[in-house]
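Colleague: query14.pdb (PDB, C-alpha atoms (C1' of nucleotides)) pasted underneath:
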ATOM      1  CA  MET S1152       7.580 124.894 158.392
ATOM      2  CA  SER S1153       9.168 123.811 161.685
ATOM      3  CA  PRO S1154       6.922 124.191 164.726
ATOM      4  CA  TRP S1155       9.085 126.784 166.425
ATOM      5  CA  GLU S1156       9.124 128.922 163.304
ATOM      6  CA  THR S1157       5.357 128.777 163.376
ATOM      7  CA  GLN S1158       5.403 129.926 166.974
ATOM      8  CA  LEU S1159       7.823 132.692 166.197
ATOM      9  CA  ARG S1160       5.309 134.198 163.810
ATOM     10  CA  LYS S1161       2.336 133.821 166.035
ATOM     11  CA  GLY S1162       0.620 137.100 166.555
ATOM     12  CA  LEU S1163       2.558 138.695 163.744
ATOM     13  CA  VAL S1164      -0.021 137.668 161.170
ATOM     14  CA  GLU S1165      -2.529 140.111 162.514
ATOM     15  CA  LEU S1166      -0.087 142.996 162.420
ATOM     16  CA  ALA S1167       1.131 142.035 158.960
ATOM     17  CA  VAL S1168      -2.421 141.816 157.648
ATOM     18  CA  LEU S1169      -3.373 145.174 159.098
ATOM     19  CA  ALA S1170      -0.251 146.675 157.569
ATOM     20  CA  THR S1171      -1.255 145.558 154.080
ATOM     21  CA  MET S1172      -4.351 147.715 154.180
ATOM     22  CA  VAL S1173      -3.090 150.874 155.780
ATOM     23  CA  ASP S1174      -2.624 152.472 152.389
ATOM     24  CA  GLY S1175      -6.020 151.332 151.136
ATOM     25  CA  GLU S1176      -8.378 148.407 150.991
ATOM     26  CA  ALA S1177      -7.213 144.896 150.189
ATOM     27  CA  TYR S1178      -8.776 141.484 149.651
ATOM     28  CA  GLY S1179      -7.807 138.141 151.167
ATOM     29  CA  TYR S1180      -6.224 136.382 148.260
ATOM     30  CA  GLY S1181      -4.254 139.483 147.329
ATOM     31  CA  ILE S1182      -2.975 139.851 150.863
ATOM     32  CA  VAL S1183      -1.746 136.277 150.889
ATOM     33  CA  GLU S1184       0.061 136.856 147.620
ATOM     34  CA  ARG S1185       1.628 140.057 148.809
ATOM     35  CA  LEU S1186       2.861 138.584 152.081
ATOM     36  CA  ARG S1187       4.223 135.587 150.215
ATOM     37  CA  GLU S1188       6.830 137.876 148.721
ATOM     38  CA  LEU S1189       8.180 138.753 152.155
ATOM     39  CA  GLU S1190      10.633 136.263 153.590
ATOM     40  CA  GLY S1191       9.315 134.782 156.802
ATOM     41  CA  LEU S1192       5.808 136.097 156.252
ATOM     42  CA  GLU S1193       4.578 133.416 153.859
ATOM     43  CA  PHE S1194       1.202 132.714 155.418
ATOM     44  CA  THR S1195      -1.379 130.484 153.810
ATOM     45  CA  GLU S1196      -5.031 131.164 153.160
ATOM     46  CA  SER S1197      -5.903 128.948 156.115
ATOM     47  CA  THR S1198      -4.137 131.465 158.273
ATOM     48  CA  VAL S1199      -5.143 134.741 156.674
ATOM     49  CA  TYR S1200      -8.855 134.215 156.129
ATOM     50  CA  PRO S1201      -9.662 133.456 159.751
ATOM     51  CA  VAL S1202      -7.666 136.494 160.807
ATOM     52  CA  LEU S1203      -9.659 138.712 158.471
ATOM     53  CA  ALA S1204     -12.909 137.232 159.728
ATOM     54  CA  ARG S1205     -11.904 137.826 163.329
ATOM     55  CA  LEU S1206     -10.760 141.383 162.734
ATOM     56  CA  ALA S1207     -13.989 142.163 160.902
ATOM     57  CA  ARG S1208     -16.074 140.536 163.629
ATOM     58  CA  ASP S1209     -14.351 142.688 166.223
ATOM     59  CA  GLY S1210     -14.985 145.894 164.319
ATOM     60  CA  PHE S1211     -11.477 146.594 163.115
ATOM     61  CA  LEU S1212     -12.292 146.047 159.460
ATOM     62  CA  ALA S1213     -15.154 146.980 157.158
ATOM     63  CA  ILE S1214     -16.051 144.833 154.162
ATOM     64  CA  ARG S1215     -17.083 145.637 150.625
ATOM     65  CA  ALA S1216     -17.720 143.042 147.907
ATOM     66  CA  GLU S1217     -16.740 143.570 144.301
ATOM     67  CA  ARG S1218     -16.582 141.494 141.136
ATOM     68  CA  SER S1219     -13.195 140.159 140.204
ATOM     69  CA  PRO S1220     -11.992 140.394 136.594
ATOM     70  CA  SER S1221     -10.765 136.841 136.853
ATOM     71  CA  GLY S1222     -12.717 134.752 139.352
ATOM     72  CA  PRO S1223     -15.283 134.761 142.120
ATOM     73  CA  MET S1224     -16.276 137.903 144.002
ATOM     74  CA  ARG S1225     -13.576 139.606 146.011
ATOM     75  CA  ARG S1226     -14.180 140.827 149.517
ATOM     76  CA  TYR S1227     -12.320 144.048 150.061
ATOM     77  CA  TYR S1228     -11.407 144.951 153.628
ATOM     78  CA  ARG S1229     -10.463 148.351 154.931
ATOM     79  CA  LEU S1230      -9.508 149.687 158.353
ATOM     80  CA  THR S1231     -12.154 151.266 160.525
ATOM     81  CA  PRO S1232     -11.068 154.006 162.951
ATOM     82  CA  GLU S1233     -10.769 151.297 165.630
ATOM     83  CA  GLY S1234      -8.716 149.284 163.181
ATOM     84  CA  GLU S1235      -6.307 152.143 162.687
ATOM     85  CA  LYS S1236      -6.009 152.544 166.420
ATOM     86  CA  ARG S1237      -5.346 148.863 166.811
ATOM     87  CA  PHE S1238      -2.732 148.998 164.101
ATOM     88  CA  ARG S1239      -0.921 151.880 165.763
ATOM     89  CA  GLU S1240      -0.952 150.144 169.139
ATOM     90  CA  MET S1241       0.297 146.878 167.740
ATOM     91  CA  THR S1242       3.017 148.608 165.786
ATOM     92  CA  LYS S1243       4.202 150.384 168.882
ATOM     93  CA  SER S1244       4.212 147.191 170.930
ATOM     94  CA  TRP S1245       6.017 145.411 168.173
ATOM     95  CA  ARG S1246       8.746 148.017 167.998
ATOM     96  CA  THR S1247       9.218 147.858 171.757
ATOM     97  CA  VAL S1248       9.459 144.083 171.925
ATOM     98  CA  SER S1249      11.605 143.984 168.835
ATOM     99  CA  ALA S1250      14.040 146.517 170.246
ATOM    100  CA  SER S1251      14.278 144.709 173.586
ATOM    101  CA  LEU S1252      14.944 141.408 171.913
ATOM    102  CA  ALA S1253      17.528 142.993 169.635
ATOM    103  CA  ASP S1254      19.293 144.357 172.709
ATOM    104  CA  LEU S1255      19.228 140.969 174.350
ATOM    105  CA  LEU S1256      20.617 139.257 171.257
ATOM    106  CA  GLU S1257      23.199 141.989 170.892
ATOM    107  CA  GLY S1258      24.420 141.468 174.437
ATOM    108  CA  ALA S1259      24.733 137.749 173.857
ATOM    109  CA  ARG S1260      27.208 136.604 171.253
ATOM    110  CA  GLY S1261      24.524 136.050 168.692
TER     111      GLY S1261
ATOM    112  CA  MET Z 652      -1.553 142.023 179.479
ATOM    113  CA  SER Z 653      -3.949 142.297 176.540
ATOM    114  CA  PRO Z 654      -4.498 139.096 174.601
ATOM    115  CA  TRP Z 655      -2.982 140.357 171.397
ATOM    116  CA  GLU Z 656       0.154 141.465 173.187
ATOM    117  CA  THR Z 657       0.415 137.950 174.533
ATOM    118  CA  GLN Z 658       0.127 136.611 171.021
ATOM    119  CA  LEU Z 659       2.713 139.029 169.733
ATOM    120  CA  ARG Z 660       5.260 137.517 172.073
ATOM    121  CA  LYS Z 661       4.430 133.935 171.389
ATOM    122  CA  GLY Z 662       7.473 132.004 170.388
ATOM    123  CA  LEU Z 663       9.741 134.822 171.491
ATOM    124  CA  VAL Z 664       9.995 133.445 175.013
ATOM    125  CA  GLU Z 665      12.038 130.528 173.862
ATOM    126  CA  LEU Z 666      14.468 132.714 171.962
ATOM    127  CA  ALA Z 667      14.704 135.182 174.826
ATOM    128  CA  VAL Z 668      15.367 132.412 177.329
ATOM    129  CA  LEU Z 669      18.059 130.856 175.170
ATOM    130  CA  ALA Z 670      19.669 134.252 174.763
ATOM    131  CA  THR Z 671      20.011 134.705 178.516
ATOM    132  CA  MET Z 672      22.303 131.718 178.766
ATOM    133  CA  VAL Z 673      24.509 132.141 175.752
ATOM    134  CA  ASP Z 674      27.162 133.792 177.877
ATOM    135  CA  GLY Z 675      26.918 131.194 180.624
ATOM    136  CA  GLU Z 676      24.532 129.168 182.699
ATOM    137  CA  ALA Z 677      21.441 130.697 184.270
ATOM    138  CA  TYR Z 678      18.631 129.588 186.568
ATOM    139  CA  GLY Z 679      14.903 130.043 186.195
ATOM    140  CA  TYR Z 680      14.131 132.671 188.750
ATOM    141  CA  GLY Z 681      17.136 134.710 187.672
ATOM    142  CA  ILE Z 682      16.057 134.539 184.043
ATOM    143  CA  VAL Z 683      12.611 135.829 184.929
ATOM    144  CA  GLU Z 684      14.151 138.715 186.842
ATOM    145  CA  ARG Z 685      16.518 139.579 184.056
ATOM    146  CA  LEU Z 686      13.838 139.543 181.371
ATOM    147  CA  ARG Z 687      11.587 141.614 183.577
ATOM    148  CA  GLU Z 688      13.977 144.497 183.050
ATOM    149  CA  LEU Z 689      13.402 144.428 179.298
ATOM    150  CA  GLU Z 690      10.327 146.268 178.115
ATOM    151  CA  GLY Z 691       7.928 143.895 176.414
ATOM    152  CA  LEU Z 692       9.711 140.791 177.654
ATOM    153  CA  GLU Z 693       8.216 140.671 181.152
ATOM    154  CA  PHE Z 694       7.369 136.990 181.320
ATOM    155  CA  THR Z 695       6.144 135.310 184.458
ATOM    156  CA  GLU Z 696       7.404 132.166 186.102
ATOM    157  CA  SER Z 697       4.392 130.300 184.723
ATOM    158  CA  THR Z 698       5.734 131.021 181.291
ATOM    159  CA  VAL Z 699       9.451 130.588 181.770
ATOM    160  CA  TYR Z 700       9.600 127.384 183.793
ATOM    161  CA  PRO Z 701       7.649 125.267 181.323
ATOM    162  CA  VAL Z 702       9.861 126.589 178.526
ATOM    163  CA  LEU Z 703      12.979 125.539 180.429
ATOM    164  CA  ALA Z 704      11.512 122.120 181.112
ATOM    165  CA  ARG Z 705      10.646 121.661 177.463
ATOM    166  CA  LEU Z 706      14.036 122.781 176.203
ATOM    167  CA  ALA Z 707      15.781 120.457 178.648
ATOM    168  CA  ARG Z 708      13.519 117.567 177.712
ATOM    169  CA  ASP Z 709      14.391 118.069 174.058
ATOM    170  CA  GLY Z 710      18.117 118.086 174.720
ATOM    171  CA  PHE Z 711      18.796 121.777 174.186
ATOM    172  CA  LEU Z 712      19.712 122.442 177.795
ATOM    173  CA  ALA Z 713      21.717 120.618 180.450
ATOM    174  CA  ILE Z 714      20.897 121.005 184.133
ATOM    175  CA  ARG Z 715      23.032 121.375 187.220
ATOM    176  CA  ALA Z 716      21.666 121.895 190.733
ATOM    177  CA  GLU Z 717      23.336 124.145 193.253
ATOM    178  CA  ARG Z 718      22.531 125.537 196.658
ATOM    179  CA  SER Z 719      21.260 129.054 196.739
ATOM    180  CA  PRO Z 720      22.690 131.529 199.254
ATOM    181  CA  SER Z 721      19.159 132.706 199.937
ATOM    182  CA  GLY Z 722      16.538 130.068 199.304
ATOM    183  CA  PRO Z 723      15.828 126.626 197.891
ATOM    184  CA  MET Z 724      18.176 124.867 195.483
ATOM    185  CA  ARG Z 725      18.705 126.546 192.152
ATOM    186  CA  ARG Z 726      18.636 124.655 188.907
ATOM    187  CA  TYR Z 727      21.243 126.046 186.553
ATOM    188  CA  TYR Z 728      20.708 125.521 182.849
ATOM    189  CA  ARG Z 729      23.304 125.761 180.116
ATOM    190  CA  LEU Z 730      23.174 125.290 176.353
ATOM    191  CA  THR Z 731      24.143 121.952 174.878
ATOM    192  CA  PRO Z 732      25.683 121.944 171.378
ATOM    193  CA  GLU Z 733      22.186 121.290 170.019
ATOM    194  CA  GLY Z 734      20.964 124.191 172.100
ATOM    195  CA  GLU Z 735      23.535 126.504 170.571
ATOM    196  CA  LYS Z 736      22.540 125.343 167.126
ATOM    197  CA  ARG Z 737      18.899 125.965 167.942
ATOM    198  CA  PHE Z 738      19.707 129.409 169.245
ATOM    199  CA  ARG Z 739      21.594 130.327 166.074
ATOM    200  CA  GLU Z 740      18.768 129.079 163.869
ATOM    201  CA  MET Z 741      16.099 130.891 165.840
ATOM    202  CA  THR Z 742      18.108 134.086 165.859
ATOM    203  CA  LYS Z 743      18.497 133.923 162.111
ATOM    204  CA  SER Z 744      14.798 133.279 161.572
ATOM    205  CA  TRP Z 745      13.933 136.057 163.922
ATOM    206  CA  ARG Z 746      16.115 138.560 162.102
ATOM    207  CA  THR Z 747      14.547 137.570 158.795
ATOM    208  CA  VAL Z 748      10.968 137.887 159.992
ATOM    209  CA  SER Z 749      11.764 141.047 161.869
ATOM    210  CA  ALA Z 750      13.331 142.662 158.827
ATOM    211  CA  SER Z 751      10.425 141.702 156.578
ATOM    212  CA  LEU Z 752       7.909 143.079 159.002
ATOM    213  CA  ALA Z 753       9.921 146.253 159.423
ATOM    214  CA  ASP Z 754       9.875 146.687 155.641
ATOM    215  CA  LEU Z 755       6.151 146.151 155.541
ATOM    216  CA  LEU Z 756       5.548 148.663 158.322
ATOM    217  CA  GLU Z 757       7.912 151.093 156.675
ATOM    218  CA  GLY Z 758       6.036 150.885 153.398
ATOM    219  CA  ALA Z 759       2.771 151.559 155.181
ATOM    220  CA  ARG Z 760       2.398 154.891 156.874
ATOM    221  CA  GLY Z 761       3.191 153.394 160.226
TER     222      GLY Z 761
ATOM    223  C1'  DG B1419       8.756 129.921 218.588
ATOM    224  C1'  DG B1420       6.283 132.201 215.226
ATOM    225  C1'  DT B1421       5.545 135.153 211.428
ATOM    226  C1'  DC B1422       6.774 137.462 207.377
ATOM    227  C1'  DG B1423       8.972 138.682 203.013
ATOM    228  C1'  DG B1424      11.877 137.152 199.523
ATOM    229  C1'  DT B1425      13.779 133.261 196.924
ATOM    230  C1'  DA B1426      12.902 129.200 193.932
ATOM    231  C1'  DC B1427      10.478 125.709 191.522
ATOM    232  C1'  DT B1428       6.092 123.150 189.810
ATOM    233  C1'  DT B1429       1.431 121.954 188.070
ATOM    234  C1'  DT B1430      -3.340 122.544 186.371
ATOM    235  C1'  DG B1431      -6.594 124.611 183.456
ATOM    236  C1'  DT B1432      -8.042 127.983 180.040
ATOM    237  C1'  DA B1433      -7.904 130.781 175.913
ATOM    238  C1'  DT B1434      -5.672 131.665 171.556
ATOM    239  C1'  DT B1435      -3.767 130.825 167.594
ATOM    240  C1'  DG B1436      -1.268 128.837 162.992
ATOM    241  C1'  DC B1437      -2.080 125.947 159.485
ATOM    242  C1'  DG B1438      -2.597 121.402 156.884
ATOM    243  C1'  DA B1439      -6.263 119.236 154.561
ATOM    244  C1'  DG B1440     -10.187 119.501 152.228
ATOM    245  C1'  DG B1441     -14.100 121.794 150.041
ATOM    246  C1'  DT B1442     -16.926 125.140 146.861
ATOM    247  C1'  DA B1443     -17.177 128.092 143.015
ATOM    248  C1'  DG B1444     -16.226 131.670 139.075
ATOM    249  C1'  DT B1445     -13.370 132.381 134.871
ATOM    250  C1'  DG B1446     -10.946 131.880 130.557
ATOM    251  C1'  DA B1447      -7.819 128.993 127.556
ATOM    252  C1'  DG B1448      -7.017 125.067 125.019
TER     253       DG B1448
ATOM    254  C1'  DC C1428     -15.124 119.775 129.069
ATOM    255  C1'  DT C1429     -11.089 119.664 131.352
ATOM    256  C1'  DC C1430      -7.485 122.277 133.331
ATOM    257  C1'  DA C1431      -5.272 126.042 135.759
ATOM    258  C1'  DC C1432      -5.869 130.014 138.197
ATOM    259  C1'  DT C1433      -8.485 132.943 141.098
ATOM    260  C1'  DA C1434     -11.121 133.462 145.448
ATOM    261  C1'  DC C1435     -13.248 132.197 149.558
ATOM    262  C1'  DC C1436     -14.353 129.179 153.738
ATOM    263  C1'  DT C1437     -14.230 125.465 157.559
ATOM    264  C1'  DC C1438     -12.740 121.565 160.539
ATOM    265  C1'  DG C1439      -9.524 119.685 163.545
ATOM    266  C1'  DC C1440      -5.015 119.269 165.594
ATOM    267  C1'  DA C1441      -0.898 120.877 167.856
ATOM    268  C1'  DA C1442       1.323 124.310 170.278
ATOM    269  C1'  DT C1443       1.697 127.819 173.526
ATOM    270  C1'  DA C1444       1.273 132.010 177.195
ATOM    271  C1'  DC C1445      -0.183 132.746 181.535
ATOM    272  C1'  DA C1446      -3.132 133.313 185.725
ATOM    273  C1'  DA C1447      -3.794 130.826 189.786
ATOM    274  C1'  DA C1448      -2.400 128.066 193.164
ATOM    275  C1'  DG C1449       0.673 125.316 195.675
ATOM    276  C1'  DT C1450       5.243 123.657 197.964
ATOM    277  C1'  DA C1451       9.493 124.629 200.204
ATOM    278  C1'  DC C1452      13.781 126.965 201.787
ATOM    279  C1'  DC C1453      15.874 130.869 204.109
ATOM    280  C1'  DG C1454      17.025 134.918 207.268
ATOM    281  C1'  DA C1455      15.326 138.615 210.113
ATOM    282  C1'  DC C1456      12.677 140.443 213.465
ATOM    283  C1'  DC C1457       9.715 140.413 217.495
TER     284       DC C1457
END
Have the structure of the file written as structure tokens, please.
Modeller:
Amino acid sequence: MSPWETQLRKGLVELAVLATMVDGEAYGYGIVERLRELEGLEFTESTVYPVLARLARDGFLAIRAERSPSGPMRRYYRLTPEGEKRFREMTKSWRTVSASLADLLEGARG
Amino acid sequence: MSPWETQLRKGLVELAVLATMVDGEAYGYGIVERLRELEGLEFTESTVYPVLARLARDGFLAIRAERSPSGPMRRYYRLTPEGEKRFREMTKSWRTVSASLADLLEGARG
DNA sequence: GGTCGGTACTTTGTATTGCGAGGTAGTGAG
DNA sequence: CTCACTACCTCGCAATACAAAGTACCGACC
């Protein structure tokens, strides 16, 4: 992954991770696998796990452990009310920035 | 600016800056002013100038100095062929990531 | 002459973050 | 008992956004 592509995705990991658990709880490894299917959002475990830990530490996620049918224990994360708020705010910001940048690229011959 | 908003924009500065000079040369202060008009892309001089310096150092921009009608000398930047290539690549990557994230947010109740 | 606001560029230091590399461990198949 | 897959975690490096602070040029106004 080229360094500028890495930079381009900075900050998006958190939003992407939050998005994966809006419809219900999710666990780390599963999140990585799910995001891997989305072009440009192929994050590794080294990236996702620390994000989950940080979000949980800051009260945006609650954790529940459960046995896996095929490996070590899974740690399921789900959004707390603060987490949902955070998700909504980030989504809004994202849409704003995204729209502005789209306008800028539109105006240029790009 | 909240820290996560800062992170959300990481890597976008470079693309935004490149976009401002696709249609012709531009100078630092002017770029800052122009971006300030776009919601979510209000970068400060502390952010933009280092980006310009880095892009020039890496051969993506060429520099030309010219007197300003109202202040110190301006340094006009324009895209080199490598710069145009970089801009096209970044734009493409951006559209990909943006589309994937939009899909993800769409799928979620967001 | 002096001050002030606006223009224009630069540097230093701090706080975050993405991720490669490497590690631990449970599980079932062969 | 080895191998592949699942599942989690941590260290260390490289990269970056930005506040803060500084320098300098200019015209206007008193």
Colleague: Expressed in Å to a single decimal, how great is the separation between CA of Ser1153 (chain S) and CA of Ile1182 (chain S)?
Modeller: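 So the two atoms, CA of Ser1153 (chain S) and CA of Ile1182 (chain S), lie 22.8 Å apart.
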Colleague: Any chance you could resolve the PyMOL selection byres ((chain B and resi 1438) around 9) against this file and give the residues as a ChimeraX atom specification?
Modeller: /S:1197 /B:1437,1439
Colleague: With distances taken over all atoms listed in the file, which of Z:Trp655, Z:Leu756, Z:Pro720, Z:Leu692 is nearest to Arg1237 (chain S)?
Modeller: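 Of Z:Trp655, Z:Leu756, Z:Pro720, Z:Leu692, the one nearest Arg1237 (chain S) is Z:Trp655, counting all atoms listed in the file.
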Colleague: Carefully work through the PyMOL selection byres ((chain B) within 9 of (chain Z)) for this structure and note down the residues it includes, as a PyMOL selection string.
Modeller: chain B and resi 1424-1428+1434-1435
Colleague: Here is a test: counting only C-alpha atoms (C1' of nucleotides), which residue of Z:Trp745, Z:Gly734, Z:Ala670, Z:Phe694 is nearest to DA1446 (chain C)?
Modeller: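 Ranking Z:Trp745, Z:Gly734, Z:Ala670, Z:Phe694 by distance to DA1446 (chain C), first place goes to Z:Phe694.
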Colleague: Would you mind telling me which residue in Z:Leu669, Z:Leu730, Z:Ala713, Z:Met652 lies nearest to chain C when using only C-alpha atoms (C1' of nucleotides)?
Modeller: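 Among Z:Leu669, Z:Leu730, Z:Ala713, Z:Met652, it is Z:Met652 that comes nearest to chain C.
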Colleague: List as JSON lines every residue of chain C that is in contact with chain S, defined as an atom at most 10 Å from one of its atoms (using only C-alpha atoms (C1' of nucleotides)), together with the nearest atom pair and the distance in Å rounded to one decimal, sorted by chain and then rising number.
Modeller:
{"residue": "C:DC1432", "atom": "C1'", "partner": "S:Gly1222", "partner_atom": "CA", "distance": 8.4}
{"residue": "C:DT1433", "atom": "C1'", "partner": "S:Gly1222", "partner_atom": "CA", "distance": 4.9}
{"residue": "C:DA1434", "atom": "C1'", "partner": "S:Pro1223", "partner_atom": "CA", "distance": 5.5}
{"residue": "C:DC1435", "atom": "C1'", "partner": "S:Pro1223", "partner_atom": "CA", "distance": 8.1}
{"residue": "C:DC1436", "atom": "C1'", "partner": "S:Tyr1200", "partner_atom": "CA", "distance": 7.8}
{"residue": "C:DT1437", "atom": "C1'", "partner": "S:Ser1197", "partner_atom": "CA", "distance": 9.1}
{"residue": "C:DA1441", "atom": "C1'", "partner": "S:Pro1154", "partner_atom": "CA", "distance": 9.1}
{"residue": "C:DA1442", "atom": "C1'", "partner": "S:Gln1158", "partner_atom": "CA", "distance": 7.7}
{"residue": "C:DT1443", "atom": "C1'", "partner": "S:Gln1158", "partner_atom": "CA", "distance": 7.8}
Colleague: Any chance you could tabulate, as JSON lines, the residues of chain Z at most 10 Å from chain S with each one's nearest atom pair and distance in Å to one decimal, using all atoms listed in the file, in chain and rising number order?
Modeller:
{"residue": "Z:Pro654", "atom": "CA", "partner": "S:Gly1162", "partner_atom": "CA", "distance": 9.7}
{"residue": "Z:Trp655", "atom": "CA", "partner": "S:Gly1162", "partner_atom": "CA", "distance": 6.9}
{"residue": "Z:Glu656", "atom": "CA", "partner": "S:Ser1244", "partner_atom": "CA", "distance": 7.4}
{"residue": "Z:Thr657", "atom": "CA", "partner": "S:Gly1162", "partner_atom": "CA", "distance": 8.0}
{"residue": "Z:Gln658", "atom": "CA", "partner": "S:Gly1162", "partner_atom": "CA", "distance": 4.5}
{"residue": "Z:Leu659", "atom": "CA", "partner": "S:Gly1162", "partner_atom": "CA", "distance": 4.3}
{"residue": "Z:Arg660", "atom": "CA", "partner": "S:Gly1162", "partner_atom": "CA", "distance": 7.2}
{"residue": "Z:Lys661", "atom": "CA", "partner": "S:Lys1161", "partner_atom": "CA", "distance": 5.8}
{"residue": "Z:Gly662", "atom": "CA", "partner": "S:Leu1159", "partner_atom": "CA", "distance": 4.3}
{"residue": "Z:Leu663", "atom": "CA", "partner": "S:Leu1159", "partner_atom": "CA", "distance": 6.0}
{"residue": "Z:Val664", "atom": "CA", "partner": "S:Leu1159", "partner_atom": "CA", "distance": 9.1}
{"residue": "Z:Glu665", "atom": "CA", "partner": "S:Trp1155", "partner_atom": "CA", "distance": 8.8}
{"residue": "Z:Leu666", "atom": "CA", "partner": "S:Leu1252", "partner_atom": "CA", "distance": 8.7}
{"residue": "Z:Ala667", "atom": "CA", "partner": "S:Leu1252", "partner_atom": "CA", "distance": 6.9}
{"residue": "Z:Val668", "atom": "CA", "partner": "S:Leu1255", "partner_atom": "CA", "distance": 9.8}
{"residue": "Z:Leu669", "atom": "CA", "partner": "S:Leu1256", "partner_atom": "CA", "distance": 9.6}
{"residue": "Z:Ala670", "atom": "CA", "partner": "S:Leu1256", "partner_atom": "CA", "distance": 6.2}
{"residue": "Z:Thr671", "atom": "CA", "partner": "S:Ala1259", "partner_atom": "CA", "distance": 7.3}
{"residue": "Z:Met672", "atom": "CA", "partner": "S:Ala1259", "partner_atom": "CA", "distance": 8.1}
{"residue": "Z:Val673", "atom": "CA", "partner": "S:Ala1259", "partner_atom": "CA", "distance": 5.9}
{"residue": "Z:Asp674", "atom": "CA", "partner": "S:Ala1259", "partner_atom": "CA", "distance": 6.1}
{"residue": "Z:Gly675", "atom": "CA", "partner": "S:Ala1259", "partner_atom": "CA", "distance": 9.7}
{"residue": "Z:Leu686", "atom": "CA", "partner": "S:Leu1255", "partner_atom": "CA", "distance": 9.0}
{"residue": "Z:Glu688", "atom": "CA", "partner": "S:Ser1251", "partner_atom": "CA", "distance": 9.5}
{"residue": "Z:Leu689", "atom": "CA", "partner": "S:Ser1251", "partner_atom": "CA", "distance": 5.8}
{"residue": "Z:Glu690", "atom": "CA", "partner": "S:Ser1251", "partner_atom": "CA", "distance": 6.2}
{"residue": "Z:Gly691", "atom": "CA", "partner": "S:Val1248", "partner_atom": "CA", "distance": 4.7}
{"residue": "Z:Leu692", "atom": "CA", "partner": "S:Val1248", "partner_atom": "CA", "distance": 6.6}
{"residue": "Z:Glu693", "atom": "CA", "partner": "S:Val1248", "partner_atom": "CA", "distance": 9.9}
{"residue": "Z:Glu735", "atom": "CA", "partner": "S:Gly1261", "partner_atom": "CA", "distance": 9.8}
{"residue": "Z:Arg737", "atom": "CA", "partner": "S:Trp1155", "partner_atom": "CA", "distance": 10.0}
{"residue": "Z:Phe738", "atom": "CA", "partner": "S:Gly1261", "partner_atom": "CA", "distance": 8.2}
{"residue": "Z:Arg739", "atom": "CA", "partner": "S:Gly1261", "partner_atom": "CA", "distance": 6.9}
{"residue": "Z:Glu740", "atom": "CA", "partner": "S:Glu1156", "partner_atom": "CA", "distance": 9.7}
{"residue": "Z:Met741", "atom": "CA", "partner": "S:Glu1156", "partner_atom": "CA", "distance": 7.7}
{"residue": "Z:Thr742", "atom": "CA", "partner": "S:Gly1261", "partner_atom": "CA", "distance": 7.3}
{"residue": "Z:Lys743", "atom": "CA", "partner": "S:Gly1261", "partner_atom": "CA", "distance": 9.2}
{"residue": "Z:Ser744", "atom": "CA", "partner": "S:Glu1156", "partner_atom": "CA", "distance": 7.4}
{"residue": "Z:Trp745", "atom": "CA", "partner": "S:Leu1159", "partner_atom": "CA", "distance": 7.3}
{"residue": "Z:Arg746", "atom": "CA", "partner": "S:Ala1253", "partner_atom": "CA", "distance": 8.9}
{"residue": "Z:Thr747", "atom": "CA", "partner": "S:Gly1191", "partner_atom": "CA", "distance": 6.3}
{"residue": "Z:Val748", "atom": "CA", "partner": "S:Gly1191", "partner_atom": "CA", "distance": 4.7}
{"residue": "Z:Ser749", "atom": "CA", "partner": "S:Ser1249", "partner_atom": "CA", "distance": 7.6}
{"residue": "Z:Ala750", "atom": "CA", "partner": "S:Glu1190", "partner_atom": "CA", "distance": 8.7}
{"residue": "Z:Ser751", "atom": "CA", "partner": "S:Leu1189", "partner_atom": "CA", "distance": 5.8}
{"residue": "Z:Leu752", "atom": "CA", "partner": "S:Ala1167", "partner_atom": "CA", "distance": 6.9}
{"residue": "Z:Ala753", "atom": "CA", "partner": "S:Arg1246", "partner_atom": "CA", "distance": 8.8}
{"residue": "Z:Asp754", "atom": "CA", "partner": "S:Leu1189", "partner_atom": "CA", "distance": 8.8}
{"residue": "Z:Leu755", "atom": "CA", "partner": "S:Ala1170", "partner_atom": "CA", "distance": 6.7}
{"residue": "Z:Leu756", "atom": "CA", "partner": "S:Ala1170", "partner_atom": "CA", "distance": 6.2}
{"residue": "Z:Glu757", "atom": "CA", "partner": "S:Ala1170", "partner_atom": "CA", "distance": 9.3}
{"residue": "Z:Gly758", "atom": "CA", "partner": "S:Ala1170", "partner_atom": "CA", "distance": 8.6}
{"residue": "Z:Ala759", "atom": "CA", "partner": "S:Val1173", "partner_atom": "CA", "distance": 5.9}
{"residue": "Z:Arg760", "atom": "CA", "partner": "S:Val1173", "partner_atom": "CA", "distance": 6.9}
{"residue": "Z:Gly761", "atom": "CA", "partner": "S:Arg1239", "partner_atom": "CA", "distance": 7.1}
Colleague: Quick one: apply the PyMOL selection byres ((chain B and resi 1419) around 12) to the file and drop the selected residues here as a list in words.
Modeller: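 This file gives the following for the PyMOL selection byres ((chain B and resi 1419) around 12): DG1420 and DT1421 of chain B; DC1457 of chain C.
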Colleague: Rounded to one decimal, what separation in Å do you get between C1' of DG1444 (chain B) and CA of Ala1207 (chain S)?
Modeller: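 That distance, rounded to one decimal, is 24.3 Å.
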Colleague: Tell me, in Å to one decimal, how far CA of Val699 (chain Z) is from CA of Arg729 (chain Z).
Modeller: 14.8 Å
Colleague: With 6 Å on each side, where is the centre of the axis-aligned box around all listed atoms of region 1249-1260 of chain S, and how long are its edges in Å to one decimal, as lines of an AutoDock Vina configuration file?
Modeller:
center_x = 19.4
center_y = 141.6
center_z = 171.6
size_x = 27.6
size_y = 21.9
size_z = 17.6
